>>> print(open('my_file-v6.cif').read())   # mmCIF, C-alpha atoms
data_work
loop_
_atom_site.label_atom_id
_atom_site.label_comp_id
_atom_site.auth_asym_id
_atom_site.auth_seq_id
_atom_site.Cartn_x
_atom_site.Cartn_y
_atom_site.Cartn_z
CA MET A 1 0.00 0.00 0.00
CA ILE A 2 2.10 2.85 -1.14
CA PRO A 3 -0.34 5.74 -1.67
CA ALA A 4 -1.94 7.33 1.40
CA LYS A 5 -5.54 6.36 2.12
CA PHE A 6 -8.32 7.96 0.14
CA ASP A 7 -11.99 7.45 -0.54
CA TYR A 8 -12.93 6.46 -4.06
CA VAL A 9 -15.96 6.92 -6.28
CA ARG A 10 -16.52 6.00 -9.89
CA PRO A 11 -19.50 8.01 -11.09
CA SER A 12 -21.45 7.00 -14.18
CA THR A 13 -22.42 10.48 -15.37
CA VAL A 14 -20.60 13.80 -15.64
CA GLU A 15 -23.22 15.35 -13.33
CA GLU A 16 -22.50 12.75 -10.66
CA ALA A 17 -18.79 13.38 -11.05
CA VAL A 18 -19.22 17.12 -10.60
CA SER A 19 -21.38 16.65 -7.52
CA ALA A 20 -18.89 14.15 -6.06
CA LEU A 21 -16.16 16.77 -6.49
CA GLN A 22 -18.31 19.39 -4.79
CA GLN A 23 -18.97 17.12 -1.84
CA GLY A 24 -15.34 16.08 -1.65
CA GLY A 25 -14.22 19.65 -1.13
CA GLU A 26 -10.80 20.98 -1.96
CA ASP A 27 -8.99 17.72 -1.21
CA ALA A 28 -10.85 15.82 -3.92
CA LYS A 29 -8.91 14.86 -7.02
CA VAL A 30 -10.04 13.75 -10.47
CA LEU A 31 -8.54 10.50 -11.80
CA ALA A 32 -8.45 10.14 -15.59
CA GLY A 33 -5.91 7.61 -16.91
CA GLY A 34 -3.80 7.96 -13.78
CA GLN A 35 -0.42 8.03 -15.49
CA SER A 36 0.53 11.28 -13.77
CA LEU A 37 -1.70 11.07 -10.70
CA LEU A 38 -0.73 7.56 -9.60
CA PRO A 39 3.02 8.26 -9.60
CA VAL A 40 2.30 11.39 -7.56
CA LEU A 41 0.14 9.41 -5.12
CA ARG A 42 2.80 6.71 -4.81
CA LEU A 43 5.42 9.30 -3.95
CA ARG A 44 2.87 10.84 -1.54
CA LEU A 45 3.38 14.19 -3.18
CA ALA A 46 -0.40 14.35 -3.03
CA ALA A 47 -2.78 12.85 -0.51
CA PRO A 48 -6.33 13.58 -1.68
CA SER A 49 -9.19 12.66 0.64
CA LEU A 50 -11.32 11.59 -2.30
CA VAL A 51 -10.47 10.30 -5.76
CA VAL A 52 -13.19 10.71 -8.39
CA ASP A 53 -12.46 8.16 -11.13
CA LEU A 54 -13.80 9.18 -14.55
CA GLY A 55 -13.11 5.67 -15.88
CA GLY A 56 -16.82 4.83 -15.89
CA LEU A 57 -17.76 7.64 -18.28
CA ALA A 58 -17.67 5.86 -21.64
CA GLU A 59 -19.09 8.90 -23.46
CA LEU A 60 -15.90 10.81 -22.64
CA ARG A 61 -13.89 8.38 -24.76
CA GLN A 62 -15.63 9.29 -28.03
CA ILE A 63 -13.76 10.88 -30.91
CA GLY A 64 -15.92 12.38 -33.64
CA GLU A 65 -16.57 15.09 -36.16
CA ASP A 66 -18.71 17.99 -35.01
CA GLY A 67 -19.27 20.40 -37.90
CA ASP A 68 -15.90 21.83 -38.79
CA MET A 69 -14.30 20.63 -35.55
CA ILE A 70 -12.84 17.32 -34.40
CA ALA A 71 -14.24 16.68 -30.93
CA ILE A 72 -12.22 14.39 -28.69
CA GLY A 73 -13.56 13.17 -25.37
CA ALA A 74 -11.25 14.04 -22.50
CA MET A 75 -10.96 10.35 -21.53
CA ALA A 76 -9.80 9.19 -24.97
CA ALA A 77 -6.56 7.27 -24.44
CA HIS A 78 -3.44 8.52 -26.20
CA HIS A 79 -3.28 5.24 -28.11
CA ASP A 80 -6.80 5.78 -29.47
CA VAL A 81 -6.19 9.42 -30.32
CA MET A 82 -3.08 8.72 -32.41
CA ARG A 83 -4.72 5.80 -34.23
CA ASN A 84 -7.94 7.67 -35.00
CA GLU A 85 -8.50 8.34 -38.70
CA LEU A 86 -10.19 11.70 -38.16
CA VAL A 87 -7.25 12.84 -36.06
CA GLN A 88 -4.75 11.60 -38.63
CA ARG A 89 -6.57 13.31 -41.48
CA HIS A 90 -7.53 16.62 -39.88
CA VAL A 91 -5.29 17.14 -36.83
CA ALA A 92 -2.16 15.23 -37.83
CA LEU A 93 0.07 17.26 -35.52
CA LEU A 94 -1.86 16.00 -32.49
CA GLY A 95 -1.33 12.41 -33.60
CA GLN A 96 2.38 13.00 -34.20
CA ALA A 97 2.93 14.54 -30.76
CA THR A 98 0.82 11.89 -29.05
CA GLU A 99 2.97 9.12 -30.53
CA THR A 100 5.93 10.53 -28.60
CA VAL A 101 4.19 10.58 -25.20
CA ALA A 102 6.05 8.28 -22.77
CA ASP A 103 5.75 4.64 -23.92
CA ARG A 104 3.15 2.15 -25.16
CA GLN A 105 1.95 1.15 -21.71
CA VAL A 106 1.47 4.75 -20.63
CA ARG A 107 -0.24 5.63 -23.92
CA HIS A 108 -2.69 2.77 -23.36
CA ARG A 109 -3.85 4.28 -20.04
CA GLY A 110 -3.03 7.98 -20.28
CA THR A 111 -5.67 10.30 -21.72
CA LEU A 112 -5.70 13.47 -23.79
CA GLY A 113 -7.79 15.32 -21.23
CA GLY A 114 -5.77 14.05 -18.28
CA ALA A 115 -2.49 15.18 -19.81
CA LEU A 116 -3.84 18.62 -20.70
CA ALA A 117 -5.51 19.11 -17.32
CA HIS A 118 -2.28 18.07 -15.57
CA ALA A 119 -0.62 20.91 -17.52
CA ASP A 120 2.99 19.95 -17.07
CA PRO A 121 4.84 22.62 -19.08
CA ALA A 122 7.06 19.86 -20.50
CA GLY A 123 4.01 17.93 -21.71
CA ASP A 124 3.74 17.13 -25.40
CA LEU A 125 0.11 17.97 -25.99
CA GLY A 126 -0.14 21.48 -24.52
CA PRO A 127 1.87 23.18 -27.30
CA VAL A 128 -0.22 21.34 -29.89
CA ALA A 129 -3.52 22.42 -28.36
CA LEU A 130 -2.23 25.98 -28.04
CA ALA A 131 -0.78 26.24 -31.55
CA LEU A 132 -3.89 24.71 -33.13
CA ASP A 133 -6.38 26.92 -31.23
CA ALA A 134 -8.13 24.03 -29.52
CA GLU A 135 -11.18 24.65 -27.37
CA PHE A 136 -11.68 23.11 -23.96
CA VAL A 137 -15.17 22.10 -22.85
CA ILE A 138 -15.39 22.22 -19.06
CA ALA A 139 -18.38 20.95 -17.09
CA GLY A 140 -19.44 22.36 -13.73
CA SER A 141 -22.55 22.48 -11.59
CA GLY A 142 -24.03 25.20 -13.82
CA GLY A 143 -23.49 23.28 -17.05
CA SER A 144 -20.67 23.51 -19.56
CA ARG A 145 -18.46 26.35 -20.70
CA THR A 146 -15.89 26.53 -23.46
CA VAL A 147 -12.44 28.00 -22.93
CA PRO A 148 -10.01 28.78 -25.78
CA ALA A 149 -6.53 27.30 -25.55
CA SER A 150 -5.09 30.79 -25.25
CA GLU A 151 -6.83 31.11 -21.85
CA PHE A 152 -6.62 27.48 -20.69
CA PHE A 153 -3.00 27.28 -19.53
CA VAL A 154 -2.49 29.54 -16.51
CA ASP A 155 0.77 28.49 -14.81
CA TYR A 156 2.78 25.42 -13.80
CA PHE A 157 0.26 22.58 -13.43
CA THR A 158 -2.54 25.14 -13.37
CA THR A 159 -5.34 25.56 -15.88
CA ALA A 160 -8.65 27.37 -16.24
CA ILE A 161 -10.47 24.30 -14.86
CA GLY A 162 -12.15 25.40 -11.62
CA GLU A 163 -12.19 23.47 -8.36
CA ASN A 164 -15.45 21.64 -8.93
CA GLU A 165 -15.18 21.37 -12.67
CA ILE A 166 -14.21 18.59 -15.06
CA LEU A 167 -12.65 18.82 -18.51
CA THR A 168 -14.97 16.77 -20.72
CA GLN A 169 -13.90 17.44 -24.30
CA VAL A 170 -11.16 19.03 -26.36
CA ARG A 171 -12.15 20.37 -29.78
CA PHE A 172 -9.75 21.04 -32.62
CA PRO A 173 -10.41 22.99 -35.82
CA LYS A 174 -9.55 20.99 -38.92
CA TYR A 175 -6.12 21.45 -40.47
CA THR A 176 -6.78 19.15 -43.40
CA GLY A 177 -3.93 19.11 -45.89
CA TRP A 178 -1.54 21.07 -43.65
CA GLY A 179 2.02 19.83 -43.19
CA SER A 180 3.03 19.21 -39.61
CA HIS A 181 5.80 17.89 -37.40
CA TYR A 182 6.53 17.47 -33.70
CA GLU A 183 10.21 17.77 -32.84
CA LYS A 184 11.06 16.57 -29.35
CA PHE A 185 14.43 16.74 -27.68
CA ASN A 186 15.02 14.53 -24.68
CA ARG A 187 17.90 12.63 -23.19
CA THR A 188 16.47 9.13 -22.89
CA ALA A 189 13.51 7.15 -24.16
CA GLN A 190 10.26 8.01 -22.35
CA ALA A 191 11.80 11.14 -20.73
CA TRP A 192 9.99 14.45 -20.73
CA SER A 193 11.13 16.98 -23.32
CA MET A 194 13.91 19.37 -22.50
CA VAL A 195 12.29 21.41 -25.23
CA ALA A 196 9.87 20.37 -27.95
CA VAL A 197 8.36 22.21 -30.90
CA ALA A 198 5.01 21.56 -32.55
CA ALA A 199 4.69 23.05 -36.03
CA ALA A 200 1.92 23.07 -38.65
CA LEU A 201 2.05 24.86 -41.98
CA LYS A 202 -0.32 25.62 -44.80
CA ILE A 203 1.61 25.93 -48.02
CA ASP A 204 0.05 27.35 -51.18
CA GLY A 205 2.09 27.25 -54.36
CA GLY A 206 5.38 26.90 -52.51
CA THR A 207 4.66 29.80 -50.15
CA ILE A 208 3.74 29.45 -46.49
CA SER A 209 0.30 31.02 -46.15
CA GLU A 210 -0.37 30.09 -42.51
CA ALA A 211 1.86 28.81 -39.73
CA ARG A 212 1.27 27.52 -36.21
CA VAL A 213 4.14 26.90 -33.80
CA GLY A 214 3.97 25.86 -30.14
CA LEU A 215 6.78 25.23 -27.66
CA ALA A 216 7.00 22.84 -24.71
CA ASN A 217 9.08 23.51 -21.59
CA MET A 218 10.04 27.07 -22.45
CA SER A 219 7.96 28.71 -19.72
CA SER A 220 5.56 27.82 -16.91
CA THR A 221 2.98 27.04 -19.61
CA PRO A 222 3.15 25.98 -23.24
CA VAL A 223 4.11 28.94 -25.42
CA ARG A 224 2.78 29.97 -28.82
CA ALA A 225 5.67 31.21 -30.95
CA THR A 226 3.73 33.98 -32.72
CA GLY A 227 6.96 35.75 -33.74
CA VAL A 228 8.02 32.68 -35.69
CA GLU A 229 4.55 32.28 -37.20
CA GLN A 230 4.50 35.88 -38.45
CA ALA A 231 8.02 35.62 -39.86
CA LEU A 232 7.12 32.47 -41.78
CA VAL A 233 3.97 33.71 -43.49
CA GLY A 234 4.62 34.79 -47.05
CA GLN A 235 7.99 33.02 -47.20
CA ALA A 236 9.02 30.07 -49.32
CA ALA A 237 9.89 27.16 -47.04
CA THR A 238 13.61 27.31 -47.75
CA ALA A 239 16.22 26.41 -45.15
CA ASP A 240 17.44 30.01 -44.96
CA ALA A 241 14.00 31.56 -44.57
CA VAL A 242 13.00 29.00 -41.94
CA ARG A 243 16.20 29.48 -39.95
CA ALA A 244 15.74 33.23 -40.00
CA ALA A 245 12.16 32.85 -38.77
CA ALA A 246 13.25 30.39 -36.08
CA GLU A 247 15.43 33.12 -34.53
CA HIS A 248 12.16 34.52 -33.13
CA ALA A 249 11.45 31.28 -31.22
CA THR A 250 12.47 32.62 -27.82
CA GLU A 251 10.26 35.71 -27.94
CA GLY A 252 7.80 35.64 -25.08
CA THR A 253 9.47 32.66 -23.43
CA ASP A 254 10.81 32.38 -19.89
CA ALA A 255 12.87 29.21 -20.08
CA PRO A 256 13.47 27.40 -16.81
CA SER A 257 16.91 26.24 -15.64
CA ASP A 258 17.03 22.82 -14.06
CA ALA A 259 19.17 19.69 -13.84
CA ASP A 260 18.41 18.84 -17.48
CA ALA A 261 19.25 22.14 -19.09
CA ALA A 262 20.07 25.77 -18.33
CA ALA A 263 17.81 28.50 -19.68
CA ASP A 264 20.25 29.67 -22.35
CA TYR A 265 20.67 26.10 -23.61
CA ARG A 266 16.91 25.75 -23.80
CA GLU A 267 16.76 28.97 -25.81
CA HIS A 268 19.32 27.56 -28.20
CA LEU A 269 17.31 24.36 -28.46
CA ALA A 270 14.10 26.29 -29.11
CA ARG A 271 15.65 28.03 -32.13
CA VAL A 272 17.28 24.90 -33.54
CA LEU A 273 14.29 22.64 -32.98
CA THR A 274 11.89 25.22 -34.40
CA GLY A 275 13.94 25.24 -37.59
CA ARG A 276 13.88 21.45 -37.76
CA ALA A 277 10.18 21.19 -36.97
CA VAL A 278 9.16 23.79 -39.55
CA LEU A 279 11.35 22.32 -42.27
CA ALA A 280 10.00 18.84 -41.58
CA ALA A 281 6.44 20.20 -41.59
CA ALA A 282 7.13 21.77 -44.97
CA GLY A 283 8.05 18.32 -46.24
CA MET B 1 -13.13 -0.85 1.05
CA ALA B 2 -14.25 -1.20 -2.52
CA GLN B 3 -15.19 -4.31 -4.39
CA VAL B 4 -13.19 -5.44 -7.38
CA ARG B 5 -14.35 -8.17 -9.76
CA VAL B 6 -11.70 -9.09 -12.21
CA THR B 7 -10.69 -12.01 -14.39
CA VAL B 8 -7.00 -12.81 -14.04
CA ASP B 9 -5.39 -15.39 -16.32
CA GLY B 10 -8.82 -16.84 -17.04
CA VAL B 11 -10.00 -17.13 -13.43
CA GLU B 12 -12.64 -14.81 -11.98
CA TYR B 13 -11.98 -13.15 -8.65
CA ALA B 14 -14.10 -10.91 -6.43
CA ASP B 15 -12.37 -9.16 -3.54
CA ASP B 16 -12.76 -6.25 -1.20
CA VAL B 17 -9.72 -4.04 -1.51
CA GLU B 18 -8.64 -0.66 -0.25
CA PRO B 19 -9.02 1.84 -3.10
CA ARG B 20 -5.36 2.77 -2.75
CA MET B 21 -4.19 -0.77 -3.53
CA LEU B 22 -2.16 -0.83 -6.73
CA LEU B 23 -3.01 -3.53 -9.24
CA VAL B 24 0.47 -5.07 -9.00
CA TYR B 25 0.12 -5.57 -5.24
CA TYR B 26 -3.34 -7.03 -5.70
CA LEU B 27 -1.91 -9.53 -8.18
CA ARG B 28 1.10 -10.42 -6.05
CA GLU B 29 -0.17 -10.25 -2.51
CA ARG B 30 -3.84 -11.20 -2.85
CA LEU B 31 -3.73 -13.61 -5.76
CA GLY B 32 -0.19 -14.89 -5.30
CA LYS B 33 0.67 -14.01 -8.90
CA THR B 34 4.28 -13.26 -8.06
CA GLY B 35 5.40 -13.80 -11.64
CA THR B 36 4.64 -10.11 -12.11
CA VAL B 37 7.36 -8.18 -10.31
CA VAL B 38 7.80 -4.67 -8.95
CA GLY B 39 10.89 -3.04 -10.36
CA CYS B 40 11.03 0.67 -9.76
CA ASP B 41 7.76 1.91 -8.31
CA THR B 42 8.22 5.06 -10.37
CA SER B 43 6.46 3.94 -13.61
CA ASN B 44 9.72 3.85 -15.53
CA CYS B 45 10.92 0.28 -15.68
CA GLY B 46 7.96 -1.70 -16.97
CA ALA B 47 8.85 -4.85 -14.99
CA CYS B 48 5.26 -4.93 -13.70
CA THR B 49 3.71 -4.91 -17.20
CA VAL B 50 0.54 -6.95 -17.58
CA HIS B 51 -2.32 -6.74 -20.08
CA LEU B 52 -5.53 -5.09 -18.96
CA ASN B 53 -8.43 -5.62 -21.37
CA GLY B 54 -5.99 -6.64 -24.07
CA ARG B 55 -3.54 -3.74 -23.73
CA SER B 56 -0.20 -3.60 -21.98
CA VAL B 57 -0.18 -1.46 -18.83
CA LYS B 58 2.22 -0.85 -15.96
CA SER B 59 0.39 -2.47 -13.08
CA CYS B 60 2.14 -0.19 -10.57
CA SER B 61 0.32 2.70 -12.23
CA VAL B 62 -3.18 1.25 -12.15
CA LEU B 63 -5.36 0.92 -9.06
CA ALA B 64 -6.86 -2.50 -8.50
CA VAL B 65 -10.29 -0.83 -8.45
CA GLN B 66 -9.64 0.58 -11.93
CA ALA B 67 -9.42 -3.00 -13.20
CA ASP B 68 -12.94 -3.70 -11.88
CA GLY B 69 -14.97 -5.53 -14.50
CA GLY B 70 -11.87 -6.08 -16.58
CA GLU B 71 -9.66 -8.87 -17.74
CA VAL B 72 -6.00 -9.13 -16.74
CA LEU B 73 -3.40 -11.34 -18.37
CA THR B 74 -0.12 -11.83 -16.52
CA ILE B 75 3.04 -13.68 -17.48
CA GLU B 76 1.60 -16.65 -15.58
CA GLY B 77 -1.32 -16.92 -17.97
CA LEU B 78 0.65 -16.92 -21.21
CA ALA B 79 1.52 -20.61 -21.51
CA ARG B 80 -1.20 -22.88 -22.95
CA ASP B 81 -1.55 -26.52 -21.89
CA GLY B 82 2.00 -26.60 -20.60
CA GLU B 83 3.34 -25.14 -23.84
CA LEU B 84 5.23 -21.86 -23.54
CA HIS B 85 4.01 -18.89 -25.57
CA PRO B 86 6.18 -18.31 -28.69
CA VAL B 87 7.58 -15.13 -27.13
CA GLN B 88 8.55 -17.03 -23.98
CA LYS B 89 10.19 -19.69 -26.13
CA ALA B 90 12.07 -17.10 -28.14
CA PHE B 91 13.38 -15.41 -24.97
CA ASN B 92 14.63 -18.82 -23.88
CA GLU B 93 16.17 -19.74 -27.21
CA CYS B 94 17.82 -16.36 -27.85
CA HIS B 95 19.09 -16.07 -24.28
CA ALA B 96 17.19 -12.80 -23.96
CA LEU B 97 17.83 -12.44 -20.26
CA GLN B 98 20.65 -12.11 -17.84
CA CYS B 99 19.35 -11.59 -14.31
CA GLY B 100 15.80 -12.14 -15.54
CA TYR B 101 14.12 -9.48 -13.44
CA CYS B 102 12.81 -7.47 -16.38
CA THR B 103 11.76 -10.60 -18.28
CA PRO B 104 8.08 -10.90 -17.27
CA GLY B 105 7.44 -7.28 -18.21
CA MET B 106 9.55 -7.50 -21.36
CA ILE B 107 7.62 -10.54 -22.52
CA MET B 108 4.23 -8.98 -21.81
CA ALA B 109 5.30 -5.80 -23.62
CA ALA B 110 6.58 -7.84 -26.56
CA VAL B 111 3.37 -9.88 -26.82
CA ASP B 112 1.39 -6.63 -26.85
CA LEU B 113 3.67 -5.13 -29.50
CA LEU B 114 3.42 -8.18 -31.77
CA GLY B 115 -0.36 -8.15 -31.46
CA ASP B 116 -0.26 -4.65 -32.90
CA ASN B 117 2.63 -5.05 -35.32
CA PRO B 118 3.22 -8.71 -36.25
CA ASP B 119 6.40 -8.02 -38.22
CA PRO B 120 8.32 -5.17 -36.59
CA ASP B 121 11.75 -4.13 -37.81
CA GLU B 122 14.54 -3.65 -35.29
CA GLN B 123 13.78 0.03 -34.73
CA GLU B 124 10.09 -0.71 -34.21
CA VAL B 125 10.96 -3.36 -31.63
CA ARG B 126 13.25 -0.96 -29.80
CA GLU B 127 10.58 1.74 -29.76
CA GLY B 128 7.87 -0.77 -28.93
CA ILE B 129 9.62 -1.86 -25.76
CA GLU B 130 10.91 1.57 -24.75
CA GLY B 131 8.74 1.39 -21.66
CA ASN B 132 10.76 -1.54 -20.33
CA LEU B 133 14.23 -1.23 -18.87
CA CYS B 134 16.81 -4.02 -18.66
CA ARG B 135 19.32 -3.06 -16.02
CA CYS B 136 21.72 -5.75 -17.31
CA THR B 137 21.51 -3.82 -20.61
CA GLY B 138 20.83 -7.07 -22.41
CA TYR B 139 18.81 -5.40 -25.12
CA GLN B 140 20.52 -7.00 -28.12
CA ASN B 141 19.21 -10.45 -27.41
CA ILE B 142 15.86 -9.14 -26.27
CA VAL B 143 15.36 -7.43 -29.62
CA ARG B 144 16.49 -10.60 -31.39
CA ALA B 145 14.04 -12.67 -29.37
CA VAL B 146 11.12 -10.41 -30.21
CA GLN B 147 11.94 -10.60 -33.92
CA SER B 148 12.45 -14.34 -33.73
CA ALA B 149 9.08 -14.72 -31.99
CA ALA B 150 7.50 -12.57 -34.70
CA LYS B 151 8.76 -15.00 -37.32
CA ALA B 152 7.55 -18.01 -35.37
CA MET B 153 4.10 -16.43 -34.99
CA GLN B 154 3.60 -15.62 -38.69
CA PRO B 155 0.68 -17.51 -40.17
CA GLY B 156 2.04 -20.61 -41.90
CA ALA B 157 5.36 -20.45 -40.04
CA GLU B 158 6.87 -23.88 -39.70
CA ARG B 159 6.60 -25.25 -36.23
CA PRO B 160 10.00 -26.24 -34.94
CA ALA B 161 10.51 -29.97 -35.32
CA GLU B 162 9.38 -31.80 -32.24
CA ALA B 163 11.99 -33.91 -30.53
CA PRO B 164 11.38 -37.56 -31.42
CA ALA B 165 9.25 -39.24 -28.81
CA PRO B 166 11.11 -41.74 -26.70
CA VAL B 167 10.47 -45.18 -28.00
CA ALA B 168 8.98 -47.59 -25.57
CA GLY B 169 9.55 -51.23 -26.31
CA GLY B 170 11.87 -52.69 -28.87
CA ASN B 171 9.97 -52.69 -32.15
#
>>> encode(input="my_file-v6.cif", output="structure tokens")
Amino acid sequence: MIPAKFDYVRPSTVEEAVSALQQGGEDAKVLAGGQSLLPVLRLRLAAPSLVVDLGGLAELRQIGEDGDMIAIGAMAAHHDVMRNELVQRHVALLGQATETVADRQVRHRGTLGGALAHADPAGDLGPVALALDAEFVIAGSGGSRTVPASEFFVDYFTTAIGENEILTQVRFPKYTGWGSHYEKFNRTAQAWSMVAVAAALKIDGGTISEARVGLANMSSTPVRATGVEQALVGQAATADAVRAAAEHATEGTDAPSDADAAADYREHLARVLTGRAVLAAAG
Amino acid sequence: MAQVRVTVDGVEYADDVEPRMLLVYYLRERLGKTGTVVGCDTSNCGACTVHLNGRSVKSCSVLAVQADGGEVLTIEGLARDGELHPVQKAFNECHALQCGYCTPGMIMAAVDLLGDNPDPDEQEVREGIEGNLCRCTGYQNIVRAVQSAAKAMQPGAERPAEAPAPVAGGN
């Protein structure tokens, strides 16, 4: 018995889950796939009084088309997201980044919503959601609200999800026909990124007409590299033009220094990896 | 206490467990399935890998109650009628172990990988088992074993010749 004691409920509707959270008070914790929460519980870095397991909510595992959006249930496992045809066709960048999350076992259990709600700034999926203007559907006692990605990530491990709220769905606009690439730099297999770059490009007649670039682990939240995006638009995707645009990658970042990398090294990585990601996205 | 009903290696169990009990400890300490081992307790090493509802998982990172209603396959349930699973055989034949501690998890990860990709190249094997660490660093033979098992499991693959049965009597 390694985690501290907690009470456990597995509700069968979102409403029941929200009311369980309300009753559980501030020490209640939501369990999605558990691939971040269980390690934290085992290390006793957290000791919630109540764990609300969303594993019984089958409707939160659905992935479907909703008008011009791809709607992914928060409890869809990474493995199912990256293998989904709609994701591959319309949100390829999400599939590419998801394939790099941890390892097979973790991708079988871990969920899109769980990873985004955990909001580790080194996480692979935050920069994708941010760069692709995803929308987050959050359920509370008063019903659901939708939060844009630009307002979802607040700080280290902190999002716009309120205390008694649950992330139920993440919606992505379609990027059909865009080129994309996720470039991740880490020291060992299954390690978190030191820095990673998510890039998607729309190319018309050899010229970049739209660009989306997101960075992992360059601040307390994922960062949208708008300076790079602006510098890319209107350019041909040549190595020189891309490298020049990638010089803007550190704008608006606040890179951390830790045992893996110092801030200035991360800044170097951000520029180099942005160049690689954009060139690969251009094909 | 919470109730967990789970099928493990083909046998149904119903138990009251504390919600905080990890699946690996349920398997080892309640059911005596000590073939599944605890390596790191930090989700890195994969030694505790089992299949839950047909997918490989690290059983140190799943609560027993999360397996409620599900089906678990451990290394102890792989052999059929006394015959080792082709992946087990291949690990034996290719000497894919040194100390052997990672072996149960490696084999369960490899079986899962081959279910998904029946003919992986070397790189795909290495990436497919990246969630499993061998502290003896015996990866070369592990990769060989997985590829050898893949060949043995191809439809129409020749079964290895059986050893001739001992002859009783003098005809």
>>> interface_residues(input="my_file-v6.cif", of="chain A", to="chain B", cutoff="12 Å", atoms="only C-alpha atoms", output="number ranges by chain")
A: 1-10, 31-44, 47-56, 77, 79-80, 83, 99-110, 188-192
>>> residues_around(input="my_file-v6.cif", residues="B:Val4", least_positions_apart="5", cutoff="6 Å", atoms="only C-alpha atoms", output="MDAnalysis selection string")
chainID B and resid 14:15 65 68
>>> closest_residue(input="my_file-v6.cif", among="A:Pro121, A:Pro173, A:Pro11, A:Pro148", to="A:Val30", atoms="only C-alpha atoms")
A:Pro11
>>> residues_around(input="my_file-v6.cif", residues="stretch 249-253 of chain A", least_positions_apart="3", cutoff="10 Å", atoms="only C-alpha atoms", output="PyMOL selection string")
chain A and resi 197+213-215+217-229+244-246+256+264+266-275
>>> resolve_selection(input="my_file-v6.cif", expression="the PyMOL selection byres ((chain A and resi 184) around 7)", output="JSON, numbers by chain")
{"A": [182, 183, 185, 186, 193, 195, 196, 197]}
>>> closest_residue(input="my_file-v6.cif", among="A:Phe157, A:Trp178, A:Tyr265, A:Phe172", to="A:Val128", atoms="only C-alpha atoms")
A:Phe172
>>> atom_distance(input="my_file-v6.cif", atom1="atom CA of B:Asp121", atom2="atom CA of B:Lys151")
11.3 Å
>>> atom_distance(input="my_file-v6.cif", atom1="atom CA of B:Cys40", atom2="atom CA of B:Thr137")
15.7 Å
>>> axis_aligned_box(input="my_file-v6.cif", around="stretch 109-112 of chain B", padding_each_side="8 Å", output="AutoDock Vina command-line options")
--center_x 4.0 --center_y -7.8 --center_z -25.2 --size_x 21.2 --size_y 20.1 --size_z 19.2
>>> closest_residue(input="my_file-v6.cif", among="A:Gln88, A:Ser257, A:Ser12, A:Ser180", to="A:Ala200", atoms="all atoms listed in the file")
A:Ser180
>>> atom_distance(input="my_file-v6.cif", atom1="atom CA of A:Leu167", atom2="atom CA of A:Leu125")
14.8 Å
>>> closest_residue(input="my_file-v6.cif", among="B:Met106, B:Gln98, B:Asn53, B:Gly39", to="B:Val6", atoms="only C-alpha atoms")
B:Asn53
>>> residues_around(input="my_file-v6.cif", residues="A:Ile203", least_positions_apart="6", cutoff="8 Å", atoms="only C-alpha atoms", output="short mmCIF file (atom, residue, chain, number, x, y, z; two decimals) with C-alpha atoms, in the frame of the given file")
data_model
loop_
_atom_site.label_atom_id
_atom_site.label_comp_id
_atom_site.auth_asym_id
_atom_site.auth_seq_id
_atom_site.Cartn_x
_atom_site.Cartn_y
_atom_site.Cartn_z
CA TRP A 178 -1.54 21.07 -43.65
CA GLY A 179 2.02 19.83 -43.19
CA SER A 209 0.30 31.02 -46.15
CA GLU A 210 -0.37 30.09 -42.51
CA ALA A 282 7.13 21.77 -44.97
#
>>> closest_residue(input="my_file-v6.cif", among="A:Ile72, A:Ala237, A:Leu279, A:Ala139", to="A:Leu21", atoms="all atoms listed in the file")
A:Ala139
>>> residues_near_point(input="my_file-v6.cif", point="(17.1, -14.6, -23.5)", cutoff="10 Å", atoms="all atoms listed in the file", output="list in words")
Gln88, Lys89, Ala90, Phe91, Asn92, Glu93, Cys94, His95, Ala96, Leu97, Gln98, Cys99, Gly100, Thr103, Gly138, Tyr139, Gln140, Asn141, Ile142, Val143, Arg144, Ala145 and Val146 of chain B
>>> closest_residue(input="my_file-v6.cif", among="A:Ala281, A:Leu45, A:Met75, A:Met194", to="A:Ala259", atoms="all atoms listed in the file")
A:Met194
>>> resolve_selection(input="my_file-v6.cif", expression="the PyMOL selection byres ((chain A and resi 145) around 12)", output="short mmCIF file (atom, residue, chain, number, x, y, z; two decimals) with C-alpha atoms, keeping the file's coordinate frame")
data_model
loop_
_atom_site.label_atom_id
_atom_site.label_comp_id
_atom_site.auth_asym_id
_atom_site.auth_seq_id
_atom_site.Cartn_x
_atom_site.Cartn_y
_atom_site.Cartn_z
CA GLU A 135 -11.18 24.65 -27.37
CA PHE A 136 -11.68 23.11 -23.96
CA VAL A 137 -15.17 22.10 -22.85
CA ILE A 138 -15.39 22.22 -19.06
CA ALA A 139 -18.38 20.95 -17.09
CA GLY A 140 -19.44 22.36 -13.73
CA SER A 141 -22.55 22.48 -11.59
CA GLY A 142 -24.03 25.20 -13.82
CA GLY A 143 -23.49 23.28 -17.05
CA SER A 144 -20.67 23.51 -19.56
CA THR A 146 -15.89 26.53 -23.46
CA VAL A 147 -12.44 28.00 -22.93
CA PRO A 148 -10.01 28.78 -25.78
CA PHE A 152 -6.62 27.48 -20.69
CA ALA A 160 -8.65 27.37 -16.24
CA ILE A 161 -10.47 24.30 -14.86
CA GLY A 162 -12.15 25.40 -11.62
CA GLU A 165 -15.18 21.37 -12.67
CA ILE A 166 -14.21 18.59 -15.06
CA LEU A 167 -12.65 18.82 -18.51
CA THR A 168 -14.97 16.77 -20.72
CA GLN A 169 -13.90 17.44 -24.30
CA VAL A 170 -11.16 19.03 -26.36
#
